[in-house]
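Below is upload-v9.pdb, which holds PDB, C-alpha atoms, pLDDT in the B column.
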```
ATOM      1  CA  MET A 131     -30.283 -74.939  34.393  1.00 96.00           C
ATOM      2  CA  ARG A 132     -28.492 -75.469  37.683  1.00 98.00           C
ATOM      3  CA  LEU A 133     -26.867 -78.797  38.476  1.00 98.00           C
ATOM      4  CA  TYR A 134     -26.821 -80.144  42.030  1.00 98.00           C
ATOM      5  CA  PRO A 135     -24.345 -83.004  42.463  1.00 98.00           C
ATOM      6  CA  ALA A 136     -25.441 -85.073  45.458  1.00 97.00           C
ATOM      7  CA  ILE A 137     -23.737 -86.476  48.520  1.00 97.00           C
ATOM      8  CA  ASP A 138     -25.853 -88.866  50.597  1.00 95.00           C
ATOM      9  CA  ILE A 139     -24.396 -89.556  54.044  1.00 96.00           C
ATOM     10  CA  LYS A 140     -24.955 -92.685  56.106  1.00 95.00           C
ATOM     11  CA  ASP A 141     -22.765 -93.592  59.089  1.00 94.00           C
ATOM     12  CA  GLY A 142     -20.467 -90.729  58.082  1.00 96.00           C
ATOM     13  CA  LYS A 143     -19.845 -92.205  54.622  1.00 95.00           C
ATOM     14  CA  CYS A 144     -20.882 -91.151  51.118  1.00 95.00           C
ATOM     15  CA  VAL A 145     -23.397 -93.727  49.883  1.00 94.00           C
ATOM     16  CA  ARG A 146     -26.230 -94.239  47.406  1.00 86.00           C
ATOM     17  CA  LEU A 147     -29.455 -96.112  48.099  1.00 83.00           C
ATOM     18  CA  LYS A 148     -31.827 -97.692  45.601  1.00 76.00           C
ATOM     19  CA  GLN A 149     -35.369 -96.308  45.888  1.00 69.00           C
ATOM     20  CA  GLY A 150     -34.547 -95.059  49.379  1.00 71.00           C
ATOM     21  CA  LEU A 151     -34.118 -98.573  50.769  1.00 75.00           C
ATOM     22  CA  PHE A 152     -31.702 -98.511  53.699  1.00 75.00           C
ATOM     23  CA  ASN A 153     -30.763-102.159  53.214  1.00 75.00           C
ATOM     24  CA  ASP A 154     -29.641-101.549  49.612  1.00 77.00           C
ATOM     25  CA  VAL A 155     -26.534 -99.420  50.042  1.00 86.00           C
ATOM     26  CA  ASN A 156     -23.454 -98.724  47.923  1.00 89.00           C
ATOM     27  CA  VAL A 157     -20.590 -97.017  49.763  1.00 93.00           C
ATOM     28  CA  TYR A 158     -18.547 -94.707  47.521  1.00 94.00           C
ATOM     29  CA  SER A 159     -16.286 -92.934  50.013  1.00 95.00           C
ATOM     30  CA  ASP A 160     -15.620 -92.713  53.733  1.00 96.00           C
ATOM     31  CA  LYS A 161     -14.512 -89.091  53.219  1.00 97.00           C
ATOM     32  CA  PRO A 162     -17.544 -87.228  51.799  1.00 97.00           C
ATOM     33  CA  TRP A 163     -15.755 -83.874  52.089  1.00 98.00           C
ATOM     34  CA  GLU A 164     -13.235 -85.012  49.468  1.00 97.00           C
ATOM     35  CA  ILE A 165     -16.122 -85.734  47.088  1.00 97.00           C
ATOM     36  CA  ALA A 166     -17.446 -82.212  47.743  1.00 98.00           C
ATOM     37  CA  CYS A 167     -14.065 -80.672  46.933  1.00 98.00           C
ATOM     38  CA  GLN A 168     -13.957 -82.584  43.660  1.00 98.00           C
ATOM     39  CA  PHE A 169     -17.461 -81.379  42.770  1.00 98.00           C
ATOM     40  CA  GLU A 170     -16.305 -77.802  43.274  1.00 98.00           C
ATOM     41  CA  LYS A 171     -13.205 -78.388  41.146  1.00 98.00           C
ATOM     42  CA  ASP A 172     -15.449 -79.781  38.414  1.00 98.00           C
ATOM     43  CA  GLY A 173     -17.359 -76.500  38.310  1.00 98.00           C
ATOM     44  CA  ALA A 174     -20.429 -77.220  40.426  1.00 98.00           C
ATOM     45  CA  GLY A 175     -22.151 -74.092  41.742  1.00 98.00           C
ATOM     46  CA  PHE A 176     -24.132 -75.855  44.471  1.00 98.00           C
ATOM     47  CA  ILE A 177     -24.009 -79.184  46.362  1.00 98.00           C
ATOM     48  CA  HIS A 178     -27.002 -81.223  47.507  1.00 98.00           C
ATOM     49  CA  VAL A 179     -26.389 -83.152  50.745  1.00 97.00           C
ATOM     50  CA  VAL A 180     -28.704 -85.617  52.483  1.00 94.00           C
ATOM     51  CA  ASP A 181     -28.262 -86.908  56.030  1.00 95.00           C
ATOM     52  CA  LEU A 182     -29.876 -90.322  55.533  1.00 91.00           C
ATOM     53  CA  ASP A 183     -29.540 -91.280  59.193  1.00 91.00           C
ATOM     54  CA  GLY A 184     -31.167 -87.985  60.096  1.00 88.00           C
ATOM     55  CA  ALA A 185     -34.087 -88.616  57.745  1.00 81.00           C
ATOM     56  CA  LEU A 186     -34.793 -91.920  59.456  1.00 82.00           C
ATOM     57  CA  ARG A 187     -34.286 -90.766  63.035  1.00 84.00           C
ATOM     58  CA  GLY A 188     -35.884 -87.338  62.778  1.00 77.00           C
ATOM     59  CA  ARG A 189     -32.813 -85.442  63.954  1.00 78.00           C
ATOM     60  CA  SER A 190     -29.424 -84.435  62.588  1.00 77.00           C
ATOM     61  CA  VAL A 191     -26.960 -87.309  62.966  1.00 84.00           C
ATOM     62  CA  ASN A 192     -23.934 -86.540  60.774  1.00 95.00           C
ATOM     63  CA  ALA A 193     -23.355 -82.939  61.879  1.00 94.00           C
ATOM     64  CA  GLU A 194     -19.555 -83.174  62.088  1.00 95.00           C
ATOM     65  CA  VAL A 195     -19.233 -84.580  58.576  1.00 97.00           C
ATOM     66  CA  ILE A 196     -21.620 -81.946  57.216  1.00 97.00           C
ATOM     67  CA  LYS A 197     -19.654 -79.191  58.941  1.00 97.00           C
ATOM     68  CA  LYS A 198     -16.456 -80.514  57.390  1.00 98.00           C
ATOM     69  CA  ILE A 199     -18.038 -80.550  53.926  1.00 98.00           C
ATOM     70  CA  ALA A 200     -19.242 -76.966  54.346  1.00 98.00           C
ATOM     71  CA  SER A 201     -15.811 -75.783  55.526  1.00 97.00           C
ATOM     72  CA  CYS A 202     -14.001 -77.504  52.636  1.00 97.00           C
ATOM     73  CA  VAL A 203     -15.838 -75.767  49.785  1.00 98.00           C
ATOM     74  CA  ASN A 204     -16.618 -72.190  48.786  1.00 98.00           C
ATOM     75  CA  ILE A 205     -19.909 -72.978  47.060  1.00 98.00           C
ATOM     76  CA  PRO A 206     -23.281 -73.174  48.826  1.00 98.00           C
ATOM     77  CA  ILE A 207     -24.708 -76.405  50.202  1.00 98.00           C
ATOM     78  CA  GLU A 208     -28.297 -77.458  50.719  1.00 98.00           C
ATOM     79  CA  LEU A 209     -29.030 -80.145  53.301  1.00 97.00           C
ATOM     80  CA  GLY A 210     -31.980 -82.419  53.921  1.00 94.00           C
ATOM     81  CA  GLY A 211     -32.672 -85.195  56.407  1.00 91.00           C
ATOM     82  CA  GLY A 212     -34.178 -84.975  59.877  1.00 87.00           C
ATOM     83  CA  ILE A 213     -34.726 -81.209  59.926  1.00 92.00           C
ATOM     84  CA  ARG A 214     -37.992 -80.953  61.860  1.00 91.00           C
ATOM     85  CA  THR A 215     -37.773 -77.870  64.146  1.00 94.00           C
ATOM     86  CA  LEU A 216     -36.784 -74.200  63.924  1.00 96.00           C
ATOM     87  CA  ASP A 217     -33.868 -75.033  66.210  1.00 95.00           C
ATOM     88  CA  ASN A 218     -32.783 -77.763  63.763  1.00 94.00           C
ATOM     89  CA  ILE A 219     -32.763 -75.218  60.941  1.00 96.00           C
ATOM     90  CA  GLY A 220     -30.673 -72.797  63.008  1.00 97.00           C
ATOM     91  CA  GLU A 221     -28.207 -75.559  63.898  1.00 95.00           C
ATOM     92  CA  VAL A 222     -27.867 -76.610  60.257  1.00 95.00           C
ATOM     93  CA  LEU A 223     -27.243 -73.060  59.066  1.00 97.00           C
ATOM     94  CA  GLU A 224     -24.627 -72.661  61.806  1.00 97.00           C
ATOM     95  CA  LEU A 225     -22.780 -75.670  60.359  1.00 96.00           C
ATOM     96  CA  GLY A 226     -22.219 -73.578  57.229  1.00 98.00           C
ATOM     97  CA  VAL A 227     -25.129 -74.972  55.207  1.00 98.00           C
ATOM     98  CA  TYR A 228     -26.834 -72.336  53.029  1.00 98.00           C
ATOM     99  CA  ARG A 229     -30.266 -73.941  52.562  1.00 98.00           C
ATOM    100  CA  ALA A 230     -32.201 -76.347  54.768  1.00 98.00           C
ATOM    101  CA  ILE A 231     -34.533 -78.804  53.026  1.00 97.00           C
ATOM    102  CA  ILE A 232     -37.718 -79.572  54.949  1.00 95.00           C
ATOM    103  CA  GLY A 233     -39.642 -82.701  54.005  1.00 88.00           C
ATOM    104  CA  THR A 234     -41.783 -84.593  56.514  1.00 82.00           C
ATOM    105  CA  LYS A 235     -42.477 -81.555  58.693  1.00 89.00           C
ATOM    106  CA  ALA A 236     -43.779 -79.593  55.705  1.00 91.00           C
ATOM    107  CA  VAL A 237     -46.387 -82.287  55.085  1.00 88.00           C
ATOM    108  CA  GLU A 238     -47.413 -82.666  58.705  1.00 88.00           C
ATOM    109  CA  ASN A 239     -47.469 -78.957  59.556  1.00 93.00           C
ATOM    110  CA  PRO A 240     -47.446 -76.547  56.576  1.00 92.00           C
ATOM    111  CA  ASP A 241     -47.569 -73.517  58.900  1.00 95.00           C
ATOM    112  CA  PHE A 242     -44.112 -74.527  60.105  1.00 97.00           C
ATOM    113  CA  ILE A 243     -42.765 -73.559  56.679  1.00 97.00           C
ATOM    114  CA  ARG A 244     -44.278 -70.095  56.980  1.00 97.00           C
ATOM    115  CA  GLU A 245     -42.655 -69.689  60.407  1.00 98.00           C
ATOM    116  CA  ALA A 246     -39.303 -70.915  59.069  1.00 98.00           C
ATOM    117  CA  ILE A 247     -39.395 -68.462  56.155  1.00 98.00           C
ATOM    118  CA  GLU A 248     -40.329 -65.593  58.477  1.00 98.00           C
ATOM    119  CA  LYS A 249     -37.411 -66.423  60.779  1.00 98.00           C
ATOM    120  CA  PHE A 250     -34.661 -67.402  58.332  1.00 98.00           C
ATOM    121  CA  GLY A 251     -35.721 -66.016  54.926  1.00 98.00           C
ATOM    122  CA  ALA A 252     -37.071 -67.832  51.865  1.00 98.00           C
ATOM    123  CA  GLU A 253     -33.587 -68.144  50.361  1.00 98.00           C
ATOM    124  CA  HIS A 254     -32.564 -70.464  53.219  1.00 98.00           C
ATOM    125  CA  ILE A 255     -35.617 -72.749  53.172  1.00 98.00           C
ATOM    126  CA  VAL A 256     -36.297 -75.424  50.547  1.00 98.00           C
ATOM    127  CA  VAL A 257     -39.165 -77.891  50.686  1.00 97.00           C
ATOM    128  CA  GLY A 258     -38.571 -81.487  49.651  1.00 94.00           C
ATOM    129  CA  VAL A 259     -41.564 -83.083  47.972  1.00 93.00           C
ATOM    130  CA  ASP A 260     -40.870 -86.811  47.752  1.00 89.00           C
ATOM    131  CA  ALA A 261     -43.555 -88.761  45.919  1.00 90.00           C
ATOM    132  CA  LYS A 262     -44.451 -92.270  44.874  1.00 86.00           C
ATOM    133  CA  ASP A 263     -47.300 -92.844  42.394  1.00 82.00           C
ATOM    134  CA  GLY A 264     -48.076 -89.131  42.707  1.00 84.00           C
ATOM    135  CA  TYR A 265     -48.528 -89.148  46.494  1.00 89.00           C
ATOM    136  CA  VAL A 266     -46.181 -87.536  48.997  1.00 91.00           C
ATOM    137  CA  ALA A 267     -43.994 -89.826  51.124  1.00 85.00           C
ATOM    138  CA  ILE A 268     -42.764 -88.970  54.625  1.00 78.00           C
ATOM    139  CA  GLU A 269     -40.471 -90.232  57.412  1.00 72.00           C
ATOM    140  CA  GLY A 270     -37.499 -91.255  55.302  1.00 62.00           C
ATOM    141  CA  TRP A 271     -39.892 -92.478  52.591  1.00 65.00           C
ATOM    142  CA  GLU A 272     -41.230 -95.148  54.935  1.00 68.00           C
ATOM    143  CA  LYS A 273     -44.861 -93.907  54.743  1.00 76.00           C
ATOM    144  CA  LEU A 274     -47.188 -92.473  52.083  1.00 83.00           C
ATOM    145  CA  SER A 275     -49.447 -89.534  52.937  1.00 82.00           C
ATOM    146  CA  ASP A 276     -52.830 -88.833  51.324  1.00 88.00           C
ATOM    147  CA  GLN A 277     -51.595 -85.621  49.685  1.00 91.00           C
ATOM    148  CA  THR A 278     -50.639 -85.328  46.017  1.00 94.00           C
ATOM    149  CA  ALA A 279     -47.320 -83.808  45.009  1.00 94.00           C
ATOM    150  CA  LEU A 280     -49.050 -81.013  43.075  1.00 95.00           C
ATOM    151  CA  SER A 281     -51.409 -80.010  45.882  1.00 95.00           C
ATOM    152  CA  MET A 282     -48.489 -79.871  48.290  1.00 95.00           C
ATOM    153  CA  ALA A 283     -46.338 -77.836  45.903  1.00 96.00           C
ATOM    154  CA  LEU A 284     -49.132 -75.291  45.441  1.00 97.00           C
ATOM    155  CA  ALA A 285     -49.666 -75.078  49.202  1.00 95.00           C
ATOM    156  CA  MET A 286     -45.949 -74.486  49.721  1.00 97.00           C
ATOM    157  CA  LYS A 287     -45.958 -71.704  47.139  1.00 97.00           C
ATOM    158  CA  ASP A 288     -48.714 -70.031  49.151  1.00 95.00           C
ATOM    159  CA  MET A 289     -46.459 -70.221  52.208  1.00 95.00           C
ATOM    160  CA  GLY A 290     -43.755 -68.236  50.394  1.00 96.00           C
ATOM    161  CA  VAL A 291     -41.546 -71.127  49.276  1.00 98.00           C
ATOM    162  CA  LYS A 292     -39.314 -70.253  46.304  1.00 98.00           C
ATOM    163  CA  THR A 293     -37.637 -73.632  45.703  1.00 98.00           C
ATOM    164  CA  ILE A 294     -38.851 -77.234  45.821  1.00 98.00           C
ATOM    165  CA  VAL A 295     -36.823 -80.407  45.382  1.00 97.00           C
ATOM    166  CA  TYR A 296     -39.129 -82.935  43.742  1.00 96.00           C
ATOM    167  CA  THR A 297     -38.090 -86.584  44.039  1.00 90.00           C
ATOM    168  CA  ASP A 298     -39.816 -89.487  42.354  1.00 86.00           C
ATOM    169  CA  ILE A 299     -38.905 -92.279  44.778  1.00 84.00           C
ATOM    170  CA  SER A 300     -39.516 -95.057  42.253  1.00 77.00           C
ATOM    171  CA  LYS A 301     -36.752 -93.537  40.088  1.00 71.00           C
ATOM    172  CA  ASP A 302     -34.236 -92.726  42.811  1.00 68.00           C
ATOM    173  CA  GLY A 303     -30.910 -94.511  42.519  1.00 65.00           C
ATOM    174  CA  MET A 304     -32.198 -96.650  39.648  1.00 72.00           C
ATOM    175  CA  LEU A 305     -30.599 -94.806  36.682  1.00 73.00           C
ATOM    176  CA  LEU A 306     -33.894 -95.196  34.794  1.00 78.00           C
ATOM    177  CA  GLY A 307     -34.386 -91.556  33.855  1.00 84.00           C
ATOM    178  CA  PRO A 308     -36.248 -88.880  35.833  1.00 90.00           C
ATOM    179  CA  ASN A 309     -40.015 -88.328  35.913  1.00 91.00           C
ATOM    180  CA  ILE A 310     -39.868 -85.280  33.671  1.00 93.00           C
ATOM    181  CA  GLU A 311     -43.592 -85.149  32.964  1.00 92.00           C
ATOM    182  CA  GLN A 312     -44.530 -84.796  36.648  1.00 92.00           C
ATOM    183  CA  THR A 313     -41.619 -82.444  37.391  1.00 95.00           C
ATOM    184  CA  LYS A 314     -42.586 -80.185  34.477  1.00 96.00           C
ATOM    185  CA  LEU A 315     -46.197 -80.211  35.715  1.00 95.00           C
ATOM    186  CA  LEU A 316     -45.080 -78.919  39.125  1.00 96.00           C
ATOM    187  CA  SER A 317     -42.834 -76.329  37.476  1.00 97.00           C
ATOM    188  CA  ASP A 318     -45.532 -75.085  35.092  1.00 98.00           C
ATOM    189  CA  LYS A 319     -48.359 -75.043  37.665  1.00 97.00           C
ATOM    190  CA  THR A 320     -46.419 -73.351  40.479  1.00 97.00           C
ATOM    191  CA  GLY A 321     -44.068 -71.058  38.568  1.00 97.00           C
ATOM    192  CA  ILE A 322     -41.370 -71.492  41.241  1.00 97.00           C
ATOM    193  CA  ASP A 323     -37.966 -73.177  41.040  1.00 98.00           C
ATOM    194  CA  ILE A 324     -38.409 -76.960  40.891  1.00 98.00           C
ATOM    195  CA  ILE A 325     -35.324 -79.164  41.164  1.00 98.00           C
ATOM    196  CA  ALA A 326     -35.700 -82.598  39.567  1.00 96.00           C
ATOM    197  CA  SER A 327     -34.356 -85.415  41.727  1.00 92.00           C
ATOM    198  CA  GLY A 328     -34.192 -89.145  41.167  1.00 87.00           C
ATOM    199  CA  GLY A 329     -33.284 -91.178  38.119  1.00 88.00           C
ATOM    200  CA  VAL A 330     -30.845 -88.982  36.180  1.00 93.00           C
ATOM    201  CA  SER A 331     -28.769 -91.518  34.283  1.00 93.00           C
ATOM    202  CA  CYS A 332     -27.067 -89.722  31.388  1.00 95.00           C
ATOM    203  CA  MET A 333     -26.502 -86.433  29.582  1.00 97.00           C
ATOM    204  CA  GLU A 334     -29.668 -87.034  27.531  1.00 97.00           C
ATOM    205  CA  ASP A 335     -31.737 -86.986  30.728  1.00 96.00           C
ATOM    206  CA  LEU A 336     -30.214 -83.624  31.622  1.00 97.00           C
ATOM    207  CA  GLN A 337     -30.948 -82.373  28.118  1.00 97.00           C
ATOM    208  CA  ARG A 338     -34.614 -83.348  28.493  1.00 97.00           C
ATOM    209  CA  ILE A 339     -34.856 -81.612  31.900  1.00 97.00           C
ATOM    210  CA  ASN A 340     -33.256 -78.508  30.418  1.00 97.00           C
ATOM    211  CA  GLU A 341     -35.605 -78.501  27.413  1.00 97.00           C
ATOM    212  CA  ALA A 342     -38.607 -78.856  29.737  1.00 97.00           C
ATOM    213  CA  GLY A 343     -37.688 -75.527  31.330  1.00 97.00           C
ATOM    214  CA  ILE A 344     -37.114 -77.050  34.768  1.00 98.00           C
ATOM    215  CA  HIS A 345     -34.880 -74.983  37.079  1.00 98.00           C
ATOM    216  CA  GLY A 346     -32.403 -77.643  38.139  1.00 98.00           C
ATOM    217  CA  ALA A 347     -31.420 -81.286  38.456  1.00 98.00           C
ATOM    218  CA  ILE A 348     -29.840 -83.329  41.214  1.00 97.00           C
ATOM    219  CA  ILE A 349     -27.313 -85.869  39.963  1.00 96.00           C
ATOM    220  CA  GLY A 350     -26.212 -88.653  42.256  1.00 93.00           C
ATOM    221  CA  LYS A 351     -25.512 -92.200  41.225  1.00 91.00           C
ATOM    222  CA  ALA A 352     -24.864 -91.237  37.581  1.00 94.00           C
ATOM    223  CA  ILE A 353     -21.788 -89.274  38.694  1.00 97.00           C
ATOM    224  CA  TYR A 354     -20.479 -92.049  40.942  1.00 95.00           C
ATOM    225  CA  GLU A 355     -20.996 -94.665  38.242  1.00 93.00           C
ATOM    226  CA  LYS A 356     -19.346 -92.312  35.699  1.00 95.00           C
ATOM    227  CA  LYS A 357     -22.416 -92.221  33.460  1.00 96.00           C
ATOM    228  CA  VAL A 358     -22.358 -88.421  33.723  1.00 97.00           C
ATOM    229  CA  ILE A 359     -19.057 -86.531  33.867  1.00 98.00           C
ATOM    230  CA  LEU A 360     -19.854 -83.550  36.062  1.00 98.00           C
ATOM    231  CA  LYS A 361     -17.315 -81.252  34.416  1.00 98.00           C
ATOM    232  CA  ASP A 362     -18.869 -81.901  30.988  1.00 98.00           C
ATOM    233  CA  ALA A 363     -22.416 -81.500  32.323  1.00 98.00           C
ATOM    234  CA  VAL A 364     -21.599 -78.126  33.913  1.00 98.00           C
ATOM    235  CA  LYS A 365     -20.164 -76.882  30.613  1.00 97.00           C
ATOM    236  CA  ALA A 366     -23.194 -78.097  28.677  1.00 97.00           C
ATOM    237  CA  PHE A 367     -26.049 -76.979  30.933  1.00 97.00           C
ATOM    238  CA  GLU A 368     -25.127 -74.398  33.576  1.00 92.00           C
ATOM    239  CA  ASN A 369     -26.347 -70.940  32.648  1.00 63.00           C
TER     240      ASN A 369
END
```
Could you quickly redo this structure as C-alpha cells?
Amino acid sequence: MRLYPAIDIKDGKCVRLKQGLFNDVNVYSDKPWEIACQFEKDGAGFIHVVDLDGALRGRSVNAEVIKKIASCVNIPIELGGGIRTLDNIGEVLELGVYRAIIGTKAVENPDFIREAIEKFGAEHIVVGVDAKDGYVAIEGWEKLSDQTALSMALAMKDMGVKTIVYTDISKDGMLLGPNIEQTKLLSDKTGIDIIASGGVSCMEDLQRINEAGIHGAIIGKAIYEKKVILKDAVKAFEN
C-alpha cells in the first residue's frame, strides 16, 4: 500500500478543514514546504497537495508555494484544486508537480479527461471523486451532483484513468475512520488504483485499508495531530 501524506494549502499556509468547511480551519504551518521536507525525511514516497483556494475559485491560487514544495523534495507530488483546463494542467506540471488531480471538471465534462490523458499521459492525470452519501460533490464540495461515486469511477476507467482519489466528505478531517466499504467497492468494481481519502485516524485504519486490498491512503489530520507517526506507518505498510 502507498501512503500519501497530505498538505492542504489556504492563503499560502498548511491547514486542515473539517468536512471541507472553509470556516472551520486549523493552521499547522505558514511554511508548507518545510512540512513536505519532513514527510520526505520520514520515508514518504509521494505527497498529496490540495490548493483549497484554487478549489473554491476554479483556478490555481497558491502556485508559488506549490512550486517551492516541488523544488524542496525529490519525491513526486500530486496536486488538486482548481485545475479545470488543459492549460491549467500544463501550468501545474511546469511547477514540478507530477500528477494533476481533476475533480469538478471530470464530473461536468468527462471527455475532458480523455483529452487530458491523450495530451499529458495517464500517469500524470488523477481523477478526484469526492462523495457525500454516495453522490459526487463538485465546486470545492459546495454542491452535490446527481451522479454516484461508482458510476463516475467506472466512466473514468473507460476514459483511460489509472488512478482515482476517493474522498468521503463526511469523514474528511473528522478522525472518524475512512469509508472502507465504499472505497473497497470502487477498487473491486473498477480494478484500478483507488486512493482512500478522508477520516484516517490511526494505524488500525491503515491496517484495515491495507487488508481491503486498496492501493493507497491519504493521511492528513492524523499526522498533524500525531495520531499516526508517518515514519512508523511507512515502515509498516509501504510495499
Given all atoms listed in the file, how would the per-residue table for stretch 140-189 of chain A near stretch 315-328 of chain A read, listing every residue at most 12 Å away with its closest atom pair and distance in Å to one decimal, sorted by chain and number, as a Markdown table?
```
| residue | atom | partner | partner_atom | distance |
| --- | --- | --- | --- | --- |
| A:Arg146 | CA | A:Gly328 | CA | 11.3 |
| A:Leu147 | CA | A:Gly328 | CA | 10.9 |
| A:Lys148 | CA | A:Gly328 | CA | 9.9 |
| A:Gln149 | CA | A:Gly328 | CA | 8.7 |
| A:Gly150 | CA | A:Gly328 | CA | 10.1 |
| A:His178 | CA | A:Ser327 | CA | 10.3 |
```
Exercise for review: Have a look at A:Phe176, A:Ile339, A:Thr278, A:Lys356 and name the one nearest to A:Tyr265; count all atoms listed in the file.
Suggested key: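 Closest residue, counting all atoms listed in the file: A:Thr278.
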Practice item. Tell me which of A:Asn204, A:Asn153, A:Asn239, A:Ser331 sits closest to A:Gly175, counting all atoms listed in the file. Key: A:Asn204
Exercise for review: Rank A:Val237, A:Leu225, A:Glu269, A:Pro135 by their smallest atom-to-atom distance to A:Leu182, using all atoms listed in the file, and report the top residue only.
Suggested key: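 Answer, going by the shortest atom-to-atom distance: A:Glu269.
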Exercise for review: Give the answer as one residue: which of A:Thr297, A:Ser201, A:Ser281, A:Gln168 has the shortest atom-to-atom distance to A:Tyr228, using all atoms listed in the file?
Suggested key: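 With all atoms listed in the file as the atom set, the closest residue is A:Ser201.
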Mind checking which residues fall within 12 Å of A:Thr215, counting all atoms listed in the file, ignoring those fewer than 4 positions away in the same chain, and posting them as a compact mmCIF listing (two decimals) with C-alpha atoms, in the frame of the given file?
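Saved result, selection.txt, follows:
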```txt
# COMPACT_ATOMS: atom_id res chain seq x y z
CA GLY A 188 -35.88 -87.34 62.78
CA ARG A 189 -32.81 -85.44 63.95
CA SER A 190 -29.42 -84.44 62.59
CA GLY A 211 -32.67 -85.20 56.41
CA ILE A 219 -32.76 -75.22 60.94
CA GLY A 220 -30.67 -72.80 63.01
CA GLU A 221 -28.21 -75.56 63.90
CA VAL A 222 -27.87 -76.61 60.26
CA ALA A 230 -32.20 -76.35 54.77
CA ILE A 231 -34.53 -78.80 53.03
CA ILE A 232 -37.72 -79.57 54.95
CA GLY A 233 -39.64 -82.70 54.00
CA THR A 234 -41.78 -84.59 56.51
CA LYS A 235 -42.48 -81.56 58.69
CA ALA A 236 -43.78 -79.59 55.70
CA ASN A 239 -47.47 -78.96 59.56
CA ASP A 241 -47.57 -73.52 58.90
CA PHE A 242 -44.11 -74.53 60.10
CA ILE A 243 -42.76 -73.56 56.68
CA GLU A 245 -42.66 -69.69 60.41
CA ALA A 246 -39.30 -70.92 59.07
CA LYS A 249 -37.41 -66.42 60.78
```
Find the spatial neighbours of A:Ala342, counting all atoms listed in the file, within a cut-off of 9 Å - ignore same-chain residues fewer than 6 positions away - and output them as a CSV table (one decimal) with C-alpha atoms, in the coordinates of the input.
```csv
chain,number,residue,atom,x,y,z
A,310,ILE,CA,-39.9,-85.3,33.7
A,311,GLU,CA,-43.6,-85.1,33.0
A,313,THR,CA,-41.6,-82.4,37.4
A,314,LYS,CA,-42.6,-80.2,34.5
```
Point to revise | atom CA of A:Pro162 to atom CA of A:Ile268, straight-line distance in Å | key: 25.4 Å
**Study point:** Result set of the PyMOL selection byres ((chain A and resi 260) around 8) on the coordinates above, as a ChimeraX atom specification
**Key:** /A:233,258-259,261-262,266-268,271,279,295-299
Run the PyMOL selection byres ((chain A and resi 337) around 12) against the file shown and list the residues it catches, as a PDB file with C-alpha atoms, keeping the file's coordinate frame.
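Saved file out-v6.pdb follows:
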```pdb
ATOM      1  CA  MET A 131     -30.283 -74.939  34.393  1.00 96.00           C
ATOM      2  CA  LEU A 133     -26.867 -78.797  38.476  1.00 98.00           C
ATOM      3  CA  GLY A 307     -34.386 -91.556  33.855  1.00 84.00           C
ATOM      4  CA  PRO A 308     -36.248 -88.880  35.833  1.00 90.00           C
ATOM      5  CA  ILE A 310     -39.868 -85.280  33.671  1.00 93.00           C
ATOM      6  CA  VAL A 330     -30.845 -88.982  36.180  1.00 93.00           C
ATOM      7  CA  SER A 331     -28.769 -91.518  34.283  1.00 93.00           C
ATOM      8  CA  CYS A 332     -27.067 -89.722  31.388  1.00 95.00           C
ATOM      9  CA  MET A 333     -26.502 -86.433  29.582  1.00 97.00           C
ATOM     10  CA  GLU A 334     -29.668 -87.034  27.531  1.00 97.00           C
ATOM     11  CA  ASP A 335     -31.737 -86.986  30.728  1.00 96.00           C
ATOM     12  CA  LEU A 336     -30.214 -83.624  31.622  1.00 97.00           C
ATOM     13  CA  ARG A 338     -34.614 -83.348  28.493  1.00 97.00           C
ATOM     14  CA  ILE A 339     -34.856 -81.612  31.900  1.00 97.00           C
ATOM     15  CA  ASN A 340     -33.256 -78.508  30.418  1.00 97.00           C
ATOM     16  CA  GLU A 341     -35.605 -78.501  27.413  1.00 97.00           C
ATOM     17  CA  ALA A 342     -38.607 -78.856  29.737  1.00 97.00           C
ATOM     18  CA  GLY A 343     -37.688 -75.527  31.330  1.00 97.00           C
ATOM     19  CA  ILE A 344     -37.114 -77.050  34.768  1.00 98.00           C
ATOM     20  CA  GLY A 346     -32.403 -77.643  38.139  1.00 98.00           C
ATOM     21  CA  ALA A 347     -31.420 -81.286  38.456  1.00 98.00           C
ATOM     22  CA  VAL A 358     -22.358 -88.421  33.723  1.00 97.00           C
ATOM     23  CA  ALA A 363     -22.416 -81.500  32.323  1.00 98.00           C
ATOM     24  CA  VAL A 364     -21.599 -78.126  33.913  1.00 98.00           C
ATOM     25  CA  ALA A 366     -23.194 -78.097  28.677  1.00 97.00           C
ATOM     26  CA  PHE A 367     -26.049 -76.979  30.933  1.00 97.00           C
ATOM     27  CA  GLU A 368     -25.127 -74.398  33.576  1.00 92.00           C
TER      28      GLU A 368
END
```
Revision key, fill the gap. Taken to one decimal, the atom CA of A:Gly210-atom CA of A:Val179 distance is 6.5 Å
Exercise for review: For atom CA of A:Gln312 and atom CA of A:Leu151, quote the distance in Å rounded to one decimal.
Suggested key: 22.3 Å
Practice item. Please provide as an MDAnalysis selection string all residues within 10 Å of A:Val180, with the sequence filter that same-chain residues fewer than 3 positions apart are discarded (counting all atoms listed in the file). Key: chainID A and resid 136:140 144 183:185 192 196 208:212 231
